[in-house]
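Asker: Input: one structure, supplied below.
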Amino acid sequence: MTQPSNEPNLPQPIIDTVKAQQAAQVVWAHWQSGQVLAALPDACRPSSALQGYAAQAQLPLVSDRQVVGWKIAATSANGQAHINVNGPLAGRLLSGQVLDNGATVTSAGNRMRVAEPEFAFAMAQDLPPQAAPYTQQQVMAAVASLHPALEVPDSRMEPFTAAGEAQLLADNACARHFVLGPAAPDAWRDLDLSTYPVHARVQQGSQLKYTRDGTGGNVLGDPRIALTWLANKLSALGITLQKGHVVTTGTCMVPLELQAGDSVSADYGPLGRVHMIFSET
């Protein structure tokens, strides 16, 4: 697996904020219309990860939504290979995208049609940018709670597997809907999440379609490692990981293929369960 890295001390190119905002406007307009893009327009297409993150940073402004948390995409070697990137990608969770346990998630316009069982963390303290990388111990000390979660991603890029890192970042790392389960008992802090098992079921009505299993080890080796990566990536970008934000750390199993009308449940044993319905409309 490609090892995540953060290099905040490297010189960075100047970002054209106007072009970044133009890219965000194009992305958001396509999200609203349900249309797809082969590529962003030449005039505002990001050509580097930093430019992609700059475009993504304009999404709250052009969408008039608030950042309520973060997602991490491509936290496994298979996931990185699938979308042709060399490491994980961070995306913003925007208000209106985070749903409660048991939610009905619309299938309308969703072309990926998968659900991803994930370990999510809610933050108890700010982690502001700093010169030295955060240690895993520092990051975990800033966590309020662990939650079972389901992400339902999607992209406006067609095909998203050929869009490249910069455009996928501008497209918010394929963030769409996110279902947050209940807080796990505090005993999670003493568990080895790298080997922790998760069992998922996909049903159509009362009929079981299939089951799938995964572990926390599929998330950069451990969900704690993924959260630490995110804190340091944001620090390198000059962004604070804020108190109250939720971070979902990436799928712990092969994504669950869905059809409209399916229901999904992910069982985390003593840590709880999370459930959603993928609606017909």
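Please note that chains go A, B, ... in the order of the structure tokens, that every chain numbers its residues from 1, and that ligands are numbered from 1 in the order shown.
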Could the residues of range 174-215 of chain A that have an atom at most 7 Å from range 245-261 of chain A be listed as a Markdown table, each with its closest atom pair and the distance in Å to one decimal, counting only C-alpha atoms and ordered by chain and ascending residue number?
Answerer:
| residue | atom | partner | partner_atom | distance |
| --- | --- | --- | --- | --- |
| A:Gln204 | CA | A:Gly261 | CA | 6.2 |
| A:Asp213 | CA | A:Met253 | CA | 6.4 |
| A:Gly214 | CA | A:Met253 | CA | 4.4 |
| A:Thr215 | CA | A:Cys252 | CA | 5.4 |
Asker: Could the residues in this selection be saved with N, CA and C atoms as a PDB file, in the first residue's frame?
Answerer:
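Once written, selection.pdb looks like this:
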ATOM      1  N   GLN A 204     -33.181  -6.685   0.019  1.00  0.00           N
ATOM      2  CA  GLN A 204     -34.250  -6.061  -0.754  1.00  0.00           C
ATOM      3  C   GLN A 204     -35.541  -6.493  -0.082  1.00  0.00           C
ATOM      4  N   ASP A 213     -17.849  -9.005   4.699  1.00  0.00           N
ATOM      5  CA  ASP A 213     -17.093  -8.759   5.926  1.00  0.00           C
ATOM      6  C   ASP A 213     -15.862  -7.913   5.646  1.00  0.00           C
ATOM      7  N   GLY A 214     -15.440  -7.203   6.661  1.00  0.00           N
ATOM      8  CA  GLY A 214     -14.236  -6.389   6.553  1.00  0.00           C
ATOM      9  C   GLY A 214     -13.631  -6.169   7.920  1.00  0.00           C
ATOM     10  N   THR A 215     -12.525  -5.437   7.947  1.00  0.00           N
ATOM     11  CA  THR A 215     -11.871  -5.109   9.209  1.00  0.00           C
ATOM     12  C   THR A 215     -11.315  -3.689   9.149  1.00  0.00           C
TER      13      THR A 215
END
Asker: Under the rule of at most 10 Å, produce a per-residue listing of range 139-255 of chain A near range 129-132 of chain A: chain, number, name, the closest pair of atoms, and the distance in Å, as JSON lines, using only C-alpha atoms.
Answerer:
{"residue": "A:Ala231", "atom": "CA", "partner": "A:Pro129", "partner_atom": "CA", "distance": 8.6}
{"residue": "A:Asn232", "atom": "CA", "partner": "A:Pro129", "partner_atom": "CA", "distance": 8.0}
{"residue": "A:Lys233", "atom": "CA", "partner": "A:Pro129", "partner_atom": "CA", "distance": 9.4}
{"residue": "A:Leu234", "atom": "CA", "partner": "A:Pro129", "partner_atom": "CA", "distance": 7.2}
{"residue": "A:Ser235", "atom": "CA", "partner": "A:Pro129", "partner_atom": "CA", "distance": 4.0}
{"residue": "A:Ala236", "atom": "CA", "partner": "A:Pro129", "partner_atom": "CA", "distance": 6.8}
{"residue": "A:Leu237", "atom": "CA", "partner": "A:Pro129", "partner_atom": "CA", "distance": 7.9}
{"residue": "A:Gly238", "atom": "CA", "partner": "A:Pro129", "partner_atom": "CA", "distance": 5.4}
{"residue": "A:Ile239", "atom": "CA", "partner": "A:Pro129", "partner_atom": "CA", "distance": 6.1}
{"residue": "A:Thr240", "atom": "CA", "partner": "A:Pro129", "partner_atom": "CA", "distance": 5.8}
{"residue": "A:Leu241", "atom": "CA", "partner": "A:Pro129", "partner_atom": "CA", "distance": 8.4}
Asker: Could the residues in this selection be written to a file with N, CA, C and O atoms, as a PDB file, in the first residue's frame?
Answerer:
ATOM      1  N   ALA A 231      -5.656  14.680   9.988  1.00  0.00           N
ATOM      2  CA  ALA A 231      -5.276  15.832  10.811  1.00  0.00           C
ATOM      3  C   ALA A 231      -4.013  16.495  10.263  1.00  0.00           C
ATOM      4  O   ALA A 231      -3.918  17.729  10.200  1.00  0.00           O
ATOM      5  N   ASN A 232      -3.059  15.682   9.832  1.00  0.00           N
ATOM      6  CA  ASN A 232      -1.810  16.241   9.310  1.00  0.00           C
ATOM      7  C   ASN A 232      -1.961  16.786   7.898  1.00  0.00           C
ATOM      8  O   ASN A 232      -1.295  17.771   7.538  1.00  0.00           O
ATOM      9  N   LYS A 233      -2.821  16.190   7.098  1.00  0.00           N
ATOM     10  CA  LYS A 233      -3.088  16.747   5.769  1.00  0.00           C
ATOM     11  C   LYS A 233      -3.727  18.127   5.902  1.00  0.00           C
ATOM     12  O   LYS A 233      -3.330  19.079   5.218  1.00  0.00           O
ATOM     13  N   LEU A 234      -4.707  18.262   6.780  1.00  0.00           N
ATOM     14  CA  LEU A 234      -5.336  19.565   6.980  1.00  0.00           C
ATOM     15  C   LEU A 234      -4.335  20.572   7.537  1.00  0.00           C
ATOM     16  O   LEU A 234      -4.312  21.736   7.120  1.00  0.00           O
ATOM     17  N   SER A 235      -3.498  20.127   8.469  1.00  0.00           N
ATOM     18  CA  SER A 235      -2.483  21.020   9.018  1.00  0.00           C
ATOM     19  C   SER A 235      -1.572  21.544   7.917  1.00  0.00           C
ATOM     20  O   SER A 235      -1.264  22.739   7.861  1.00  0.00           O
ATOM     21  N   ALA A 236      -1.161  20.651   7.007  1.00  0.00           N
ATOM     22  CA  ALA A 236      -0.296  21.060   5.902  1.00  0.00           C
ATOM     23  C   ALA A 236      -0.983  22.046   4.970  1.00  0.00           C
ATOM     24  O   ALA A 236      -0.325  22.881   4.341  1.00  0.00           O
ATOM     25  N   LEU A 237      -2.316  21.958   4.892  1.00  0.00           N
ATOM     26  CA  LEU A 237      -3.087  22.867   4.051  1.00  0.00           C
ATOM     27  C   LEU A 237      -3.490  24.145   4.787  1.00  0.00           C
ATOM     28  O   LEU A 237      -4.165  25.008   4.220  1.00  0.00           O
ATOM     29  N   GLY A 238      -3.094  24.266   6.060  1.00  0.00           N
ATOM     30  CA  GLY A 238      -3.435  25.452   6.835  1.00  0.00           C
ATOM     31  C   GLY A 238      -4.858  25.451   7.359  1.00  0.00           C
ATOM     32  O   GLY A 238      -5.435  26.514   7.611  1.00  0.00           O
ATOM     33  N   ILE A 239      -5.435  24.259   7.566  1.00  0.00           N
ATOM     34  CA  ILE A 239      -6.835  24.116   7.970  1.00  0.00           C
ATOM     35  C   ILE A 239      -6.902  23.475   9.350  1.00  0.00           C
ATOM     36  O   ILE A 239      -6.180  22.519   9.639  1.00  0.00           O
ATOM     37  N   THR A 240      -7.791  23.973  10.197  1.00  0.00           N
ATOM     38  CA  THR A 240      -8.022  23.388  11.515  1.00  0.00           C
ATOM     39  C   THR A 240      -9.062  22.278  11.418  1.00  0.00           C
ATOM     40  O   THR A 240     -10.130  22.470  10.826  1.00  0.00           O
ATOM     41  N   LEU A 241      -8.739  21.119  11.982  1.00  0.00           N
ATOM     42  CA  LEU A 241      -9.754  20.087  12.206  1.00  0.00           C
ATOM     43  C   LEU A 241     -10.507  20.491  13.463  1.00  0.00           C
ATOM     44  O   LEU A 241      -9.952  20.499  14.557  1.00  0.00           O
TER      45      LEU A 241
END
Asker: At a cut-off of 9 Å, using only C-alpha atoms, what residues contact range 32-35 of chain A? Leave out same-chain residues fewer than 3 positions from it and give the result as a PyMOL selection string.
Answerer: chain A and resi 27-29+108-110+156
Asker: Can I get the selected residues back with N, CA and C atoms, as a short mmCIF file (atom, residue, chain, number, x, y, z; two decimals), in the first residue's frame?
Answerer:
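Okay, this is what ended up in again20.cif:
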data_model
loop_
_atom_site.label_atom_id
_atom_site.label_comp_id
_atom_site.auth_asym_id
_atom_site.auth_seq_id
_atom_site.Cartn_x
_atom_site.Cartn_y
_atom_site.Cartn_z
N VAL A 27 -18.45 22.43 -10.61
CA VAL A 27 -18.73 21.17 -9.91
C VAL A 27 -20.09 21.24 -9.22
N TRP A 28 -20.33 22.33 -8.48
CA TRP A 28 -21.58 22.42 -7.73
C TRP A 28 -22.79 22.50 -8.67
N ALA A 29 -22.67 23.21 -9.76
CA ALA A 29 -23.78 23.30 -10.72
C ALA A 29 -24.12 21.91 -11.27
N ALA A 108 -31.48 8.82 -6.49
CA ALA A 108 -31.61 9.65 -7.69
C ALA A 108 -30.28 10.28 -8.06
N GLY A 109 -29.86 10.08 -9.28
CA GLY A 109 -28.64 10.68 -9.79
C GLY A 109 -27.35 10.04 -9.33
N ASN A 110 -27.45 9.03 -8.45
CA ASN A 110 -26.24 8.39 -7.94
C ASN A 110 -25.82 7.28 -8.90
N ARG A 156 -19.23 13.62 -9.93
CA ARG A 156 -19.74 14.27 -11.14
C ARG A 156 -18.82 14.04 -12.33
#
Asker: Determine, for each residue of range 217-277 of chain A having at least one atom at most 6 Å from an atom of range 183-202 of chain A, the closest pair of atoms and their separation in Å to one decimal, counting only C-alpha atoms; order by chain and ascending number, as CSV.
Answerer:
residue,atom,partner,partner_atom,distance
A:Gly217,CA,A:Ser194,CA,4.1
A:Gly221,CA,A:Ser194,CA,6.0
A:Asp222,CA,A:Ser194,CA,4.4
A:Ser263,CA,A:Val202,CA,5.7
A:Val264,CA,A:Val202,CA,4.7
A:Ser265,CA,A:Arg201,CA,5.4
A:Ala266,CA,A:Ala200,CA,4.2
A:Asp267,CA,A:His199,CA,5.1
A:Tyr268,CA,A:Val198,CA,5.0
A:Leu271,CA,A:Ala184,CA,4.7
Asker: Would you please give, as an MDAnalysis selection string, all residues of range 150-263 of chain A that DSSP assigns to alpha helix (DSSP H) based on the backbone?
Answerer: chainID A and resid 165:170 223:236
Asker: Would you save the residues from that selection as a short mmCIF file (atom, residue, chain, number, x, y, z; two decimals), in the first residue's frame, using C-alpha atoms?
Answerer:
data_model
loop_
_atom_site.label_atom_id
_atom_site.label_comp_id
_atom_site.auth_asym_id
_atom_site.auth_seq_id
_atom_site.Cartn_x
_atom_site.Cartn_y
_atom_site.Cartn_z
CA GLU A 165 -6.33 13.14 -8.36
CA ALA A 166 -6.68 16.90 -8.95
CA GLN A 167 -10.16 16.74 -10.47
CA LEU A 168 -11.39 14.18 -7.92
CA LEU A 169 -10.30 16.54 -5.15
CA ALA A 170 -12.15 19.41 -6.84
CA PRO A 223 -8.75 3.87 11.36
CA ARG A 224 -6.60 5.69 13.91
CA ILE A 225 -3.82 5.96 11.34
CA ALA A 226 -6.31 7.36 8.81
CA LEU A 227 -7.57 9.99 11.25
CA THR A 228 -3.99 11.02 12.02
CA TRP A 229 -3.29 11.29 8.30
CA LEU A 230 -6.30 13.59 7.90
CA ALA A 231 -5.28 15.83 10.81
CA ASN A 232 -1.81 16.24 9.31
CA LYS A 233 -3.09 16.75 5.77
CA LEU A 234 -5.34 19.56 6.98
CA SER A 235 -2.48 21.02 9.02
CA ALA A 236 -0.30 21.06 5.90
#
